[in-house]
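*Asks:* Got coords_15.json for you, JSON, C-alpha atoms and all ligand atoms:
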```json
[["chain", "number", "residue", "atom", "x", "y", "z"],
["A", 1, "MET", "CA", 0.00, 0.00, 0.00],
["A", 2, "SER", "CA", 3.04, 2.24, -0.20],
["A", 3, "GLU", "CA", 2.86, 3.60, -3.70],
["A", 4, "GLN", "CA", 5.83, 5.76, -4.45],
["A", 5, "PRO", "CA", 4.63, 9.26, -5.21],
["A", 6, "HIS", "CA", 7.27, 9.85, -7.81],
["A", 7, "TYR", "CA", 7.31, 7.58, -10.79],
["A", 8, "ARG", "CA", 10.45, 8.15, -12.73],
["A", 9, "SER", "CA", 8.52, 8.47, -15.92],
["A", 10, "LEU", "CA", 5.07, 7.65, -17.13],
["A", 11, "GLU", "CA", 5.95, 6.64, -20.60],
["A", 12, "ALA", "CA", 3.23, 6.52, -23.16],
["A", 13, "SER", "CA", 4.43, 3.24, -24.56],
["A", 14, "GLU", "CA", 2.00, 0.38, -24.86],
["A", 15, "MET", "CA", 2.48, -3.34, -24.67],
["A", 16, "PHE", "CA", 0.16, -6.23, -25.31],
["A", 17, "CYS", "CA", -1.53, -7.41, -22.14],
["A", 18, "GLN", "CA", -2.57, -11.06, -22.17],
["A", 19, "ARG", "CA", -5.18, -10.50, -19.53],
["A", 20, "CYS", "CA", -6.80, -7.55, -21.28],
["A", 21, "ARG", "CA", -6.15, -9.15, -24.67],
["A", 22, "GLN", "CA", -5.19, -5.83, -26.15],
["A", 23, "ALA", "CA", -2.44, -3.26, -26.09],
["A", 24, "ARG", "CA", -2.43, -1.28, -22.89],
["A", 25, "PRO", "CA", -0.32, 1.54, -21.54],
["A", 26, "VAL", "CA", 2.31, 0.17, -19.22],
["A", 27, "ARG", "CA", 3.89, 1.36, -16.03],
["A", 28, "GLN", "CA", 7.54, 0.90, -15.37],
["A", 29, "HIS", "CA", 8.68, -0.41, -12.00],
["A", 30, "LEU", "CA", 12.30, -0.60, -10.97],
["A", 31, "LEU", "CA", 12.94, -4.17, -9.82],
["A", 32, "LEU", "CA", 16.67, -4.52, -9.34],
["A", 33, "VAL", "CA", 19.73, -2.32, -9.35],
["A", 34, "LEU", "CA", 22.74, -4.28, -10.57],
["A", 35, "PRO", "CA", 26.34, -3.41, -11.42],
["A", 36, "THR", "CA", 25.50, -3.98, -15.05],
["A", 37, "GLY", "CA", 22.36, -1.91, -15.08],
["A", 38, "ASN", "CA", 18.81, -1.73, -13.81],
["A", 39, "LYS", "CA", 16.05, -4.25, -14.31],
["A", 40, "TYR", "CA", 12.60, -2.93, -14.89],
["A", 41, "ASP", "CA", 9.25, -4.63, -14.75],
["A", 42, "TYR", "CA", 6.44, -3.45, -16.97],
["A", 43, "ARG", "CA", 2.88, -3.76, -15.81],
["A", 44, "CYS", "CA", -0.40, -3.11, -17.47],
["A", 45, "ALA", "CA", -1.71, 0.24, -16.23],
["A", 46, "VAL", "CA", -5.25, -1.14, -16.24],
["A", 47, "CYS", "CA", -5.07, -4.54, -14.53],
["A", 48, "ALA", "CA", -1.47, -4.47, -13.17],
["A", 49, "THR", "CA", -0.53, -7.74, -14.84],
["A", 50, "SER", "CA", 3.16, -8.00, -15.62],
["A", 51, "VAL", "CA", 3.61, -7.75, -19.36],
["A", 52, "GLY", "CA", 7.38, -7.79, -19.62],
["A", 53, "SER", "CA", 10.70, -6.69, -18.27],
["A", 54, "LYS", "CA", 13.73, -4.87, -19.48],
["A", 55, "MET", "CA", 17.38, -4.44, -18.56],
["A", 56, "ASP", "CA", 19.18, -1.25, -19.28],
["A", 57, "SER", "CA", 22.92, -0.64, -19.13],
["A", 58, "ASP", "CA", 22.82, 2.35, -16.84],
["A", 59, "ALA", "CA", 25.10, 1.57, -13.91],
["A", 60, "SER", "CA", 24.90, 5.03, -12.39],
["A", 61, "ASP", "CA", 22.15, 4.06, -9.95],
["A", 62, "PHE", "CA", 24.28, 1.22, -8.63],
["A", 63, "SER", "CA", 27.21, 3.58, -8.11],
["A", 64, "THR", "CA", 24.87, 5.87, -6.23],
["A", 65, "LEU", "CA", 23.86, 3.00, -3.98],
["A", 66, "LEU", "CA", 27.46, 2.06, -3.27],
["A", 67, "SER", "CA", 28.41, 5.58, -2.38],
["A", 68, "GLY", "CA", 25.44, 5.82, -0.04],
["A", 69, "ARG", "CA", 24.21, 9.05, -1.50],
["A", 70, "LYS", "CA", 20.61, 9.86, -2.12],
["A", 101, "ZN", "ZN", -4.20, -5.57, -18.59]]
```
Can the structure from this file be put into structure tokens for me?
Ligand SMILES: [Zn+2]
*Replies:*
Amino acid sequence: MSEQPHYRSLEASEMFCQRCRQARPVRQHLLLVLPTGNKYDYRCAVCATSVGSKMDSDASDFSTLLSGRK
């Protein structure tokens, strides 16, 4: 019940949702912060079913974690 008030970005991209059986706008959730990049989970904005995930190669968040800065 602790929704973060600041989503990094509400992208307008859509992905096919198997539950809705049509393309739906997705919300991006940060799952893991790794040395090699961040892993994101994408969920249907309508029914919250996970519709996919993505890794990026941005290691800056991990460096921020290591340094203990906010
Ligand atoms: Zn859906």
*Asks:* Which one of A:Ser53, A:Gln28, A:Gln22, A:Ser67 sits closest to ligand ZN 101 (chain A) if you count only C-alpha atoms and all ligand atoms?
*Replies:* A:Gln22
*Asks:* What lies within 12 Å of Asp58 in chain A using all atoms listed in the file, ignoring chain neighbours under 4 positions off, as a list of chain:residue names?
*Replies:*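 Surrounding residues, per the criterion: A:Leu32, A:Val33, A:Leu34, A:Pro35, A:Thr36, A:Gly37, A:Asn38, A:Lys39, A:Tyr40, A:Lys54, A:Phe62, A:Ser63, A:Thr64.
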*Asks:* I want to know what sits within 8 Å of Gly52 in chain A, based on all atoms listed in the file, with residues of the same chain fewer than 6 positions away left out; could you give that as JSON, numbers by chain?
*Replies:* {"A": [41, 42, 43]}
*Asks:* Nearest to ligand ZN 101 (chain A) among A:Leu65, A:Met55, A:Leu31, A:Cys20, with distances taken over all atoms listed in the file: which residue is it?
*Replies:* A:Cys20
*Asks:* Just give me the gap between CA of Cys47 in chain A and CA of Met15 in chain A in Å, one decimal is fine.
*Replies:*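 Computed distance, CA of Cys47 in chain A to CA of Met15 in chain A, equals 12.7 Å.
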*Asks:* For chain A versus ligand ZN 101 (chain A), which residues have an atom no more than 7 Å away, and what is each residue's nearest atom pair and distance in Å rounded to one decimal, using only C-alpha atoms and all ligand atoms, chain-then-number order, as a Markdown table?
*Replies:*
```
| residue | atom | partner | partner_atom | distance |
| --- | --- | --- | --- | --- |
| A:Cys17 | CA | A:ZN101 | ZN | 4.8 |
| A:Gln18 | CA | A:ZN101 | ZN | 6.8 |
| A:Arg19 | CA | A:ZN101 | ZN | 5.1 |
| A:Cys20 | CA | A:ZN101 | ZN | 4.2 |
| A:Arg24 | CA | A:ZN101 | ZN | 6.3 |
| A:Cys44 | CA | A:ZN101 | ZN | 4.7 |
| A:Ala45 | CA | A:ZN101 | ZN | 6.7 |
| A:Val46 | CA | A:ZN101 | ZN | 5.1 |
| A:Cys47 | CA | A:ZN101 | ZN | 4.3 |
| A:Ala48 | CA | A:ZN101 | ZN | 6.2 |
| A:Thr49 | CA | A:ZN101 | ZN | 5.7 |
```
*Asks:* Only C-alpha atoms, please: the residues just picked out, written as a PDB file, in the coordinates of the input.
*Replies:*
```pdb
ATOM      1  CA  CYS A  17      -1.530  -7.410 -22.140  1.00  0.00           C
ATOM      2  CA  GLN A  18      -2.570 -11.060 -22.170  1.00  0.00           C
ATOM      3  CA  ARG A  19      -5.180 -10.500 -19.530  1.00  0.00           C
ATOM      4  CA  CYS A  20      -6.800  -7.550 -21.280  1.00  0.00           C
ATOM      5  CA  ARG A  24      -2.430  -1.280 -22.890  1.00  0.00           C
ATOM      6  CA  CYS A  44      -0.400  -3.110 -17.470  1.00  0.00           C
ATOM      7  CA  ALA A  45      -1.710   0.240 -16.230  1.00  0.00           C
ATOM      8  CA  VAL A  46      -5.250  -1.140 -16.240  1.00  0.00           C
ATOM      9  CA  CYS A  47      -5.070  -4.540 -14.530  1.00  0.00           C
ATOM     10  CA  ALA A  48      -1.470  -4.470 -13.170  1.00  0.00           C
ATOM     11  CA  THR A  49      -0.530  -7.740 -14.840  1.00  0.00           C
TER      12      THR A  49
END
```
